[in-house]
Structure formats: structure tokens, C-alpha cells
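For reference, the structure is listed below as C-alpha cells.
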Amino acid sequence: MFFRNLFFYTLPEINAVTDGQLESALAAAALSPVGALAMQSRGFVPPLGESGAYTQRIEDTLWLCLGGEDRILPAAVVQRECQLRIAELEQAKGHPLGKRARAQLKQETLDTLMPRAFVKASRLNAVINRRLGFIAIDTSSAKAAEALASKVREALGSFPTLPLQAGQAPRTILTQFLLGQDLPAQWHLGEECELQDPAEKGAIVKCLRHDLSSEEVLSHLSAGKQVSRLGMLFDANLGFVLGEDLILRKFKLLAGAVDGIENGAGESLHDELMARFALFSAELNAFYPDFARAMKLQPALALAA
């Protein structure tokens, strides 16, 4: 269960909720099958399978998973079926249908097609660290992250999940990093960045597989552009692209960190998933305090040990 993206919220009151309370709350908000006339359903599912617990814990870190079911009903299909019905009814009545009649017929068409629509299942993983006070969600979509955070709030009842707040403009910090200023000790430049002119509709330059310390790249900073995304390496174990929105994209454990997992043999799926969870959480928990300091995160509990 290695995450590909990290969308963080802080959890200032997480220690007021026990493991048992969280488990019970998520179980009570479990995923239900999508209804015949509903477009989607969201609820929590056991991370390790249908019969397992709704949370898995290793030391200070808990793993949870939001499941989803969505009916796939393309708009073009609905439109075609609706137009056929409108044409048939207009021919039978001998006059065009009015706006209200057309809207009613479209809803009836939807109601007819919905039970026959294909249902697509989805899973969205997240981990909570009690000691560091954060939840990390495996998505780069603010909408998807908020959907999971909202379900946690609903399950626990008015439970605060707060977006990260940097103590300085992230673009300024990332630009300083590219210039080699204030770069944390275990951080190194990667091979990807995005630079933007701060003017409205200003130019955007994207560099991939590039030496970011080269004069070619730095000349864009001299021209007034600022860094909006920056590829980084952490302690030779993690690679990621950090954005000014504080989302970590293309997050991956590098070869040295996963050798033991990839070479493992004879383990059950359960054991392999738990081993991946243990490795991922250990690397993430080592990284987060450095990330919080580097981006001057607020509130202060982000750095609490």
C-alpha cells in the first residue's frame, strides 16, 4: 500500500479519540451498496479485506480506507435515449413538448437507465499519525481528499481536520530551495520543476529529467519566474514533487528502501500488505517533521514529538 500522492490535513484533536472509538465510528459509517437510483455511495471499508477491521495500526500510525461505488452512465447515452423518447412522444401528440415536459422526460429516462448502469468500485487509502497529528491521503485531488476528510468528520462528529498552513509563501520557499538556499540537510534536488511568471497569465516553464542546478534553469529565476513545483529527494529513500499547494505528487520509495519487500517470498497477501504498511509509515513518519520544518508549517503541533 505505497501511496503515490500525499494530501495532508492536521488533526489537532486526534488524541481525544481512542482507537476503539475510531474503529467503531468507521464501522458505523461503512460503505453501503449504491442504490438503484443513486449515482454514488461512499463509506469506509477494511483496508485488508471485507472481513477485517476498519483500521490497522503499527505504533503511532493507523491505516484506514474509504470505499466508493459509482454508477457509470455516460451523458451521451442519456441524451440519445432521451431524444428518442421525446421524438416518439412528440410524434404521438402531434406537437413539440414544452420545457417542463422535456425536463420530466429526462428525469424519467435517468430513472430507467440508472439500475442498468455499470457500477465502478474505488478505494482511497489514508494514514493517521497520532504523535505528529496528521492524516495523509493518497490523492492529489482536493475534492477527493475533502470527501475522505468529511466522512471522517461525519463519523466522529464535528471532528476538526485542518488544511496545512505554511508560515511563508510556498513559492518563495521552493524558489529558495532551487537556488540552494535553506535546503534541509537530507534534501536534494531532483530532476523536475515547474516555474511560473507571477504576472496574471504569465509564462510557465516545465523541466523534466533536467539538471536543476544548471544555468539554463536558473536563468528563468533571474528573469523573475518563481518555482511552483519542485522535484526532491529525501535521505536517498524518498522521491517526490512538492507543489506550492503543499501536495506531494509522484511520491515513491526508492529502490534501497523497498528491496526487502520486493525480495520477500512465501508471505501471505495479508503479511505483505502489513509489511508494506510498516515500511511506508516508518519512512513517512521520519520525513514529516523535516517537511513541516522546511515549509514552516502551522500550527506548531505539526512538529510535536
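Ordering of the C-alpha cells sets the chain letters (A, B, ...), residue numbers begin anew at 1 in every chain, and ligands are numbered from 1 in the order given.
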
Using only C-alpha atoms, find each residue in stretch 85-155 of chain A having at least one atom no more than 9 Å away from stretch 266-288 of chain A; report its shortest atom-to-atom pair and that distance in Å (one decimal), rows by chain then rising number, as CSV.
residue,atom,partner,partner_atom,distance
A:Val127,CA,A:Ser281,CA,8.0
A:Asn129,CA,A:Asn285,CA,7.8
A:Leu132,CA,A:Asn285,CA,8.0

Taking all heavy atoms for each residue, export the selection above as an mmCIF file, in the first residue's frame.
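Everything below was put into again.cif:
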data_model
loop_
_atom_site.group_PDB
_atom_site.id
_atom_site.type_symbol
_atom_site.label_atom_id
_atom_site.label_comp_id
_atom_site.auth_asym_id
_atom_site.auth_seq_id
_atom_site.Cartn_x
_atom_site.Cartn_y
_atom_site.Cartn_z
ATOM 1 N N VAL A 127 -3.580 7.422 6.021
ATOM 2 C CA VAL A 127 -2.955 7.037 7.290
ATOM 3 C C VAL A 127 -3.033 8.224 8.250
ATOM 4 O O VAL A 127 -2.911 9.379 7.843
ATOM 5 C CB VAL A 127 -1.490 6.581 7.120
ATOM 6 C CG1 VAL A 127 -1.407 5.289 6.338
ATOM 7 C CG2 VAL A 127 -0.641 7.659 6.469
ATOM 8 N N ASN A 129 -1.332 9.709 11.800
ATOM 9 C CA ASN A 129 -0.268 9.595 12.790
ATOM 10 C C ASN A 129 -0.690 10.361 14.036
ATOM 11 O O ASN A 129 -0.871 11.586 14.002
ATOM 12 C CB ASN A 129 1.053 10.152 12.252
ATOM 13 C CG ASN A 129 2.191 9.943 13.244
ATOM 14 O OD1 ASN A 129 2.282 10.618 14.268
ATOM 15 N ND2 ASN A 129 3.064 8.989 12.943
ATOM 16 N N LEU A 132 2.314 12.810 15.523
ATOM 17 C CA LEU A 132 2.598 14.002 14.732
ATOM 18 C C LEU A 132 1.345 14.783 14.370
ATOM 19 O O LEU A 132 1.435 15.898 13.871
ATOM 20 C CB LEU A 132 3.359 13.611 13.461
ATOM 21 C CG LEU A 132 4.723 12.956 13.708
ATOM 22 C CD1 LEU A 132 5.323 12.454 12.405
ATOM 23 C CD2 LEU A 132 5.669 13.931 14.398
#

Query raised in the report: Could you name the residues that touch stretch 233-239 of chain A at 6 Å or less, counting only C-alpha atoms, but leaving out those on the same chain fewer than 2 positions away, as a VMD selection string?
Result: chain A and resid 186 to 188 190 251 to 254 257

**Report entry** Which of stretch 63-210 of chain A DSSP labels strand (DSSP E or B), written as a ChimeraX atom specification
**Finding:** /A:63-72,118-129,134-137,162-163,165-166,187-196,204-208

File of the preceding selection, C-alpha atoms, as a JSON list (two decimals), in the first residue's frame:
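Everything below was put into again.json:
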[["chain", "number", "residue", "atom", "x", "y", "z"],
["A", 63, "TRP", "CA", -4.39, 2.88, 8.23],
["A", 64, "LEU", "CA", -7.95, 3.42, 7.04],
["A", 65, "CYS", "CA", -9.69, 3.23, 3.68],
["A", 66, "LEU", "CA", -12.70, 4.97, 2.11],
["A", 67, "GLY", "CA", -14.55, 2.80, -0.36],
["A", 68, "GLY", "CA", -16.78, 4.01, -3.16],
["A", 69, "GLU", "CA", -19.28, 2.75, -5.70],
["A", 70, "ASP", "CA", -20.15, 4.94, -8.71],
["A", 71, "ARG", "CA", -22.69, 4.28, -11.43],
["A", 72, "ILE", "CA", -21.15, 4.88, -14.84],
["A", 118, "PHE", "CA", -22.31, -0.32, -14.65],
["A", 119, "VAL", "CA", -21.04, 0.11, -11.07],
["A", 120, "LYS", "CA", -17.36, 1.01, -10.62],
["A", 121, "ALA", "CA", -15.71, 0.35, -7.26],
["A", 122, "SER", "CA", -12.92, 2.52, -5.82],
["A", 123, "ARG", "CA", -10.69, 2.73, -2.75],
["A", 124, "LEU", "CA", -8.94, 5.72, -1.23],
["A", 125, "ASN", "CA", -6.28, 4.98, 1.40],
["A", 126, "ALA", "CA", -5.20, 7.26, 4.24],
["A", 127, "VAL", "CA", -2.96, 7.04, 7.29],
["A", 128, "ILE", "CA", -3.26, 8.90, 10.58],
["A", 129, "ASN", "CA", -0.27, 9.59, 12.79],
["A", 134, "PHE", "CA", -1.76, 14.50, 10.74],
["A", 135, "ILE", "CA", -3.75, 12.49, 8.23],
["A", 136, "ALA", "CA", -2.16, 11.77, 4.84],
["A", 137, "ILE", "CA", -4.47, 10.82, 1.95],
["A", 162, "LEU", "CA", -7.49, 21.38, 9.07],
["A", 163, "PRO", "CA", -5.54, 22.09, 5.87],
["A", 165, "GLN", "CA", -0.76, 26.35, 6.61],
["A", 166, "ALA", "CA", 2.77, 27.41, 5.68],
["A", 187, "TRP", "CA", 17.00, 17.02, 0.96],
["A", 188, "HIS", "CA", 18.41, 17.08, -2.55],
["A", 189, "LEU", "CA", 17.15, 18.47, -5.83],
["A", 190, "GLY", "CA", 15.53, 16.00, -8.21],
["A", 191, "GLU", "CA", 15.15, 16.35, -11.96],
["A", 192, "GLU", "CA", 11.78, 18.06, -12.32],
["A", 193, "CYS", "CA", 10.40, 21.54, -11.71],
["A", 194, "GLU", "CA", 7.76, 23.99, -12.85],
["A", 195, "LEU", "CA", 8.46, 27.73, -12.94],
["A", 196, "GLN", "CA", 5.81, 30.42, -13.37],
["A", 204, "ILE", "CA", 5.04, 28.62, -17.44],
["A", 205, "VAL", "CA", 8.22, 26.59, -17.90],
["A", 206, "LYS", "CA", 8.32, 22.85, -17.14],
["A", 207, "CYS", "CA", 11.57, 20.93, -16.83],
["A", 208, "LEU", "CA", 11.68, 17.11, -16.83]]

Query raised in the report: Residues at most 12 Å from A:Glu81, counting only C-alpha atoms, excluding those fewer than 6 positions away in the same chain, as a list in words?
Result: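 The residues satisfying every condition are Leu73, Pro74, Ala75, Ala87, Glu88, Leu105, Lys106, Gln107, Glu108, Thr109, Leu110, Asp111, Thr112 and Leu113 of chain A.
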
Atoms kept (C-alpha atoms) for selection, written as an mmCIF file, in the first residue's frame:
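Written file, result_21.cif:
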data_model
loop_
_atom_site.group_PDB
_atom_site.id
_atom_site.type_symbol
_atom_site.label_atom_id
_atom_site.label_comp_id
_atom_site.auth_asym_id
_atom_site.auth_seq_id
_atom_site.Cartn_x
_atom_site.Cartn_y
_atom_site.Cartn_z
ATOM 1 C CA LEU A 73 -23.833 6.441 -17.015
ATOM 2 C CA PRO A 74 -22.353 8.477 -19.887
ATOM 3 C CA ALA A 75 -24.182 11.722 -20.642
ATOM 4 C CA ALA A 87 -39.290 12.238 -30.672
ATOM 5 C CA GLU A 88 -41.691 9.346 -30.059
ATOM 6 C CA LEU A 105 -38.931 13.027 -19.523
ATOM 7 C CA LYS A 106 -35.173 13.390 -18.968
ATOM 8 C CA GLN A 107 -35.592 12.510 -15.285
ATOM 9 C CA GLU A 108 -37.745 9.504 -16.184
ATOM 10 C CA THR A 109 -35.060 8.396 -18.653
ATOM 11 C CA LEU A 110 -32.416 8.666 -15.930
ATOM 12 C CA ASP A 111 -34.565 6.662 -13.512
ATOM 13 C CA THR A 112 -34.988 3.943 -16.127
ATOM 14 C CA LEU A 113 -31.308 3.718 -17.091
#

Query raised in the report: From the set A:Val227, A:Ala149, A:Ala16, A:Ile86, which residue has the shortest atom-to-atom contact distance to A:Thr175, counting only C-alpha atoms?
Result: A:Val227

Query - Surrounding residues of A:Leu164 excluding itself and chain neighbours under 3 positions, 12 Å, only C-alpha atoms, as a list in words - result: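 Surrounding residues, per the criterion: Leu6, Phe7, Phe8, Tyr9, Thr10, Leu11, Pro12, Gly133, Phe134, Ile135, Ala136, Thr161, Gly167, Gln168, Pro170, Glu244, Asp245, Leu246, Ile247, Phe291, Ala292, Met295, Lys296, Leu297, Gln298, Pro299, Ala300, Leu301 and Ala302 of chain A.
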
Serialized selection, C-alpha atoms, as an mmCIF file, in the first residue's frame:
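Result written to selection24.cif:
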data_model
loop_
_atom_site.group_PDB
_atom_site.id
_atom_site.type_symbol
_atom_site.label_atom_id
_atom_site.label_comp_id
_atom_site.auth_asym_id
_atom_site.auth_seq_id
_atom_site.Cartn_x
_atom_site.Cartn_y
_atom_site.Cartn_z
ATOM 1 C CA LEU A 6 0.212 12.818 -0.203
ATOM 2 C CA PHE A 7 -2.514 15.293 0.668
ATOM 3 C CA PHE A 8 -2.156 16.327 4.314
ATOM 4 C CA TYR A 9 -4.553 17.652 6.936
ATOM 5 C CA THR A 10 -3.631 18.341 10.550
ATOM 6 C CA LEU A 11 -5.660 16.714 13.337
ATOM 7 C CA PRO A 12 -5.381 18.912 16.444
ATOM 8 C CA GLY A 133 -1.071 14.927 14.437
ATOM 9 C CA PHE A 134 -1.759 14.500 10.737
ATOM 10 C CA ILE A 135 -3.750 12.488 8.233
ATOM 11 C CA ALA A 136 -2.156 11.769 4.841
ATOM 12 C CA THR A 161 -9.428 18.259 10.072
ATOM 13 C CA GLY A 167 4.422 30.200 7.651
ATOM 14 C CA GLN A 168 5.807 31.652 4.410
ATOM 15 C CA PRO A 170 5.435 28.113 -0.500
ATOM 16 C CA GLU A 244 3.068 25.266 -3.820
ATOM 17 C CA ASP A 245 -0.281 23.755 -2.744
ATOM 18 C CA LEU A 246 1.747 21.582 -0.289
ATOM 19 C CA ILE A 247 0.656 18.403 -2.079
ATOM 20 C CA PHE A 291 8.781 18.555 5.761
ATOM 21 C CA ALA A 292 6.975 20.560 8.463
ATOM 22 C CA MET A 295 7.722 24.512 4.869
ATOM 23 C CA LYS A 296 7.341 26.339 8.225
ATOM 24 C CA LEU A 297 4.017 24.662 8.848
ATOM 25 C CA GLN A 298 1.453 25.987 11.273
ATOM 26 C CA PRO A 299 0.096 25.114 13.789
ATOM 27 C CA ALA A 300 3.053 24.146 15.945
ATOM 28 C CA LEU A 301 1.634 20.688 16.715
ATOM 29 C CA ALA A 302 2.820 19.664 13.250
#
